[in-house]
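One structure below.
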Amino acid sequence: MKAMLADTPLLTEPAAIRAWVENRIVYVELHDGRIVGFPAARFKRLAEASNVELQKVEIEVNGYALRWEDLDEDITVPGVVAGRFELPQK
(Lines give C-alpha, C1' and ligand atoms only; values in the text may rest on other atoms or scores of the structure.)
Protein backbone atom coordinates (compact mmCIF):
# COMPACT_ATOMS: atom_id res chain seq x y z
CA MET A 1 0.00 0.00 0.00
CA LYS A 2 2.86 2.39 0.74
CA ALA A 3 4.23 2.18 -2.78
CA MET A 4 0.78 2.62 -4.29
CA LEU A 5 0.13 5.83 -2.34
CA ALA A 6 3.63 7.22 -2.84
CA ASP A 7 3.47 6.63 -6.59
CA THR A 8 0.08 8.30 -7.02
CA PRO A 9 0.78 11.56 -8.88
CA LEU A 10 -2.50 13.23 -7.84
CA LEU A 11 -1.81 12.83 -4.10
CA THR A 12 -1.49 16.39 -2.82
CA GLU A 13 -2.73 16.14 0.78
CA PRO A 14 -0.86 14.18 3.45
CA ALA A 15 -2.14 10.62 3.73
CA ALA A 16 -1.41 8.01 6.40
CA ILE A 17 0.01 4.58 5.71
CA ARG A 18 0.33 3.59 9.39
CA ALA A 19 -0.93 4.83 12.76
CA TRP A 20 -0.17 3.76 16.32
CA VAL A 21 -0.26 5.04 19.90
CA GLU A 22 2.56 5.10 22.46
CA ASN A 23 2.31 6.75 25.86
CA ARG A 24 -0.92 8.54 24.84
CA ILE A 25 0.77 10.07 21.79
CA VAL A 26 -0.85 9.24 18.45
CA TYR A 27 1.74 8.74 15.69
CA VAL A 28 1.00 8.77 11.97
CA GLU A 29 3.42 7.70 9.26
CA LEU A 30 2.64 9.61 6.09
CA HIS A 31 2.90 8.45 2.48
CA ASP A 32 5.99 10.67 2.00
CA GLY A 33 7.91 9.07 4.86
CA ARG A 34 7.31 11.71 7.54
CA ILE A 35 6.09 10.69 10.97
CA VAL A 36 3.96 13.13 12.93
CA GLY A 37 2.63 12.75 16.43
CA PHE A 38 0.18 14.54 18.67
CA PRO A 39 -1.00 14.10 22.26
CA ALA A 40 -4.35 12.36 22.60
CA ALA A 41 -5.25 15.16 25.02
CA ARG A 42 -5.68 17.53 22.04
CA PHE A 43 -9.06 15.88 21.24
CA LYS A 44 -11.84 15.54 23.83
CA ARG A 45 -12.87 11.94 23.10
CA LEU A 46 -9.28 10.76 22.88
CA ALA A 47 -8.38 12.58 26.11
CA GLU A 48 -11.15 10.70 27.91
CA ALA A 49 -10.35 7.33 26.31
CA SER A 50 -8.61 4.47 28.07
CA ASN A 51 -5.21 3.33 26.85
CA VAL A 52 -6.85 0.21 25.39
CA GLU A 53 -9.38 2.31 23.47
CA LEU A 54 -6.64 4.57 22.10
CA GLN A 55 -4.75 1.58 20.69
CA LYS A 56 -7.68 0.77 18.39
CA VAL A 57 -6.89 3.50 15.85
CA GLU A 58 -7.61 2.60 12.23
CA ILE A 59 -6.77 4.34 8.97
CA GLU A 60 -9.80 5.14 6.81
CA VAL A 61 -10.71 7.03 3.62
CA ASN A 62 -7.58 6.01 1.70
CA GLY A 63 -5.29 7.35 4.41
CA TYR A 64 -7.00 10.71 4.91
CA ALA A 65 -8.70 9.93 8.23
CA LEU A 66 -7.99 8.26 11.56
CA ARG A 67 -10.92 6.37 13.09
CA TRP A 68 -11.62 5.07 16.60
CA GLU A 69 -14.78 3.00 16.13
CA ASP A 70 -15.45 2.38 19.85
CA LEU A 71 -15.10 6.11 20.58
CA ASP A 72 -17.03 7.23 17.47
CA GLU A 73 -14.12 9.59 16.70
CA ASP A 74 -12.78 10.59 13.29
CA ILE A 75 -9.84 12.93 12.74
CA THR A 76 -8.50 14.05 9.37
CA VAL A 77 -4.85 13.43 8.64
CA PRO A 78 -4.40 16.74 6.77
CA GLY A 79 -5.91 18.52 9.79
CA VAL A 80 -3.43 16.89 12.16
CA VAL A 81 -0.49 17.76 9.90
CA ALA A 82 -1.74 21.37 9.74
CA GLY A 83 -2.03 21.51 13.54
CA ARG A 84 -5.81 21.85 13.69
CA PHE A 85 -6.66 20.39 17.10
CA GLU A 86 -9.91 20.46 19.06
CA LEU A 87 -8.39 21.38 22.43
CA PRO A 88 -5.54 23.71 23.40
CA GLN A 89 -2.20 22.33 24.49
CA LYS A 90 -1.94 21.85 28.24
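Convention: chains lettered A, B, ... in C-alpha coordinates order; per-chain residue numbering from 1; ligands numbered from 1 as shown.
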Exercise. Return as a PyMOL selection string the full set of residues in chain A whose backbone-based DSSP assignment is strand (DSSP E).
Key: chain A and resi 16-22+25-30+35-39+58-60+65-68+73-76
Practice problem: Name the residues of chain A that fall into helix (DSSP H, G or I) according to DSSP on the backbone, using the chain letters and numbers of this document, as a PyMOL selection string. | Solution: chain A and resi 2-6+40-42+44-48+51-54+61-63+69-71+77-81
Practice problem: Choose the residue, out of A:Glu48, A:Glu73, A:Arg42, A:Val80, that has the smallest atom-to-atom separation from Pro14 (chain A); count only C-alpha atoms. | Solution: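 For Pro14 (chain A), the nearest of the candidates is A:Val80.
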All residues 7 Å or closer to Glu29 (chain A), only C-alpha atoms, same chain fewer than 4 positions away omitted, as an mmCIF file with N, CA and C atoms, in the first residue's frame:
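Okay, this is what ended up in part30.cif:
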```
data_model
loop_
_atom_site.group_PDB
_atom_site.id
_atom_site.type_symbol
_atom_site.label_atom_id
_atom_site.label_comp_id
_atom_site.auth_asym_id
_atom_site.auth_seq_id
_atom_site.Cartn_x
_atom_site.Cartn_y
_atom_site.Cartn_z
ATOM 1 N N ALA A 16 -2.045 8.951 5.482
ATOM 2 C CA ALA A 16 -1.408 8.009 6.401
ATOM 3 C C ALA A 16 -1.270 6.633 5.776
ATOM 4 N N ILE A 17 -0.166 5.981 6.091
ATOM 5 C CA ILE A 17 0.007 4.583 5.714
ATOM 6 C C ILE A 17 0.070 3.696 6.960
ATOM 7 N N ARG A 18 0.270 4.345 8.131
ATOM 8 C CA ARG A 18 0.334 3.592 9.391
ATOM 9 C C ARG A 18 0.021 4.550 10.523
ATOM 10 N N ALA A 19 -0.638 4.035 11.563
ATOM 11 C CA ALA A 19 -0.928 4.834 12.759
ATOM 12 C C ALA A 19 -0.819 3.936 13.982
ATOM 13 N N GLY A 33 6.866 9.510 3.944
ATOM 14 C CA GLY A 33 7.914 9.073 4.863
ATOM 15 C C GLY A 33 7.978 9.825 6.178
ATOM 16 N N ARG A 34 7.305 10.973 6.274
ATOM 17 C CA ARG A 34 7.307 11.715 7.543
ATOM 18 C C ARG A 34 6.495 10.974 8.590
ATOM 19 N N ILE A 35 6.865 11.188 9.836
ATOM 20 C CA ILE A 35 6.090 10.688 10.965
ATOM 21 C C ILE A 35 5.727 11.884 11.818
ATOM 22 N N VAL A 36 4.443 12.050 12.067
ATOM 23 C CA VAL A 36 3.965 13.129 12.927
ATOM 24 C C VAL A 36 3.257 12.512 14.121
#
```
Quiz item: Mind pulling up the distance from CA of Lys44 (chain A) to CA of Asn62 (chain A)?
Solution: 24.5 Å
Practice problem: Name the residues in contact with Leu71 (chain A) at a cut-off of 9 Å, using only C-alpha atoms, excluding same-chain residues fewer than 3 positions from it; report them as a ChimeraX atom specification. | Solution: /A:45-46,49,53-54,67-68,74
Could you write those residues out with N, CA and C atoms, as a PDB file, in the first residue's frame?
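Result went into part-v9.pdb, see below:
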```
ATOM      1  N   ARG A  45     -12.570  13.374  22.972  1.00  0.00           N
ATOM      2  CA  ARG A  45     -12.869  11.942  23.101  1.00  0.00           C
ATOM      3  C   ARG A  45     -11.609  11.116  23.322  1.00  0.00           C
ATOM      4  N   LEU A  46     -10.527  11.501  22.682  1.00  0.00           N
ATOM      5  CA  LEU A  46      -9.280  10.765  22.876  1.00  0.00           C
ATOM      6  C   LEU A  46      -8.720  11.013  24.274  1.00  0.00           C
ATOM      7  N   ALA A  49     -10.428   8.747  26.643  1.00  0.00           N
ATOM      8  CA  ALA A  49     -10.349   7.327  26.312  1.00  0.00           C
ATOM      9  C   ALA A  49      -9.343   6.594  27.188  1.00  0.00           C
ATOM     10  N   GLU A  53      -8.576   1.699  24.523  1.00  0.00           N
ATOM     11  CA  GLU A  53      -9.384   2.313  23.473  1.00  0.00           C
ATOM     12  C   GLU A  53      -8.522   3.091  22.483  1.00  0.00           C
ATOM     13  N   LEU A  54      -7.520   3.790  22.988  1.00  0.00           N
ATOM     14  CA  LEU A  54      -6.639   4.567  22.103  1.00  0.00           C
ATOM     15  C   LEU A  54      -5.893   3.685  21.113  1.00  0.00           C
ATOM     16  N   ARG A  67      -9.617   6.745  12.548  1.00  0.00           N
ATOM     17  CA  ARG A  67     -10.916   6.366  13.094  1.00  0.00           C
ATOM     18  C   ARG A  67     -10.735   5.520  14.342  1.00  0.00           C
ATOM     19  N   TRP A  68     -11.493   5.867  15.386  1.00  0.00           N
ATOM     20  CA  TRP A  68     -11.623   5.066  16.597  1.00  0.00           C
ATOM     21  C   TRP A  68     -13.082   4.664  16.677  1.00  0.00           C
ATOM     22  N   ASP A  74     -13.483  10.510  14.574  1.00  0.00           N
ATOM     23  CA  ASP A  74     -12.785  10.592  13.292  1.00  0.00           C
ATOM     24  C   ASP A  74     -11.969  11.876  13.274  1.00  0.00           C
TER      25      ASP A  74
END
```
Quiz item: Using only C-alpha atoms, which of the listed residues (A:Ala41, A:Ile59, A:Val21, A:Ala15) sits closest to Pro78 (chain A)?
Solution: A:Ala15
Self-check item: Which residue of A:Asn23, A:Asp32, A:Ile75, A:Phe43 approaches Glu58 (chain A) most closely, using only C-alpha atoms
Solution: A:Ile75
Practice problem: Can you work out the spacing between CA of Gly63 (chain A) and CA of Val77 (chain A) in Å, to one decimal? | Solution: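 Straight-line distance from CA of Gly63 (chain A) to CA of Val77 (chain A) works out to 7.4 Å.
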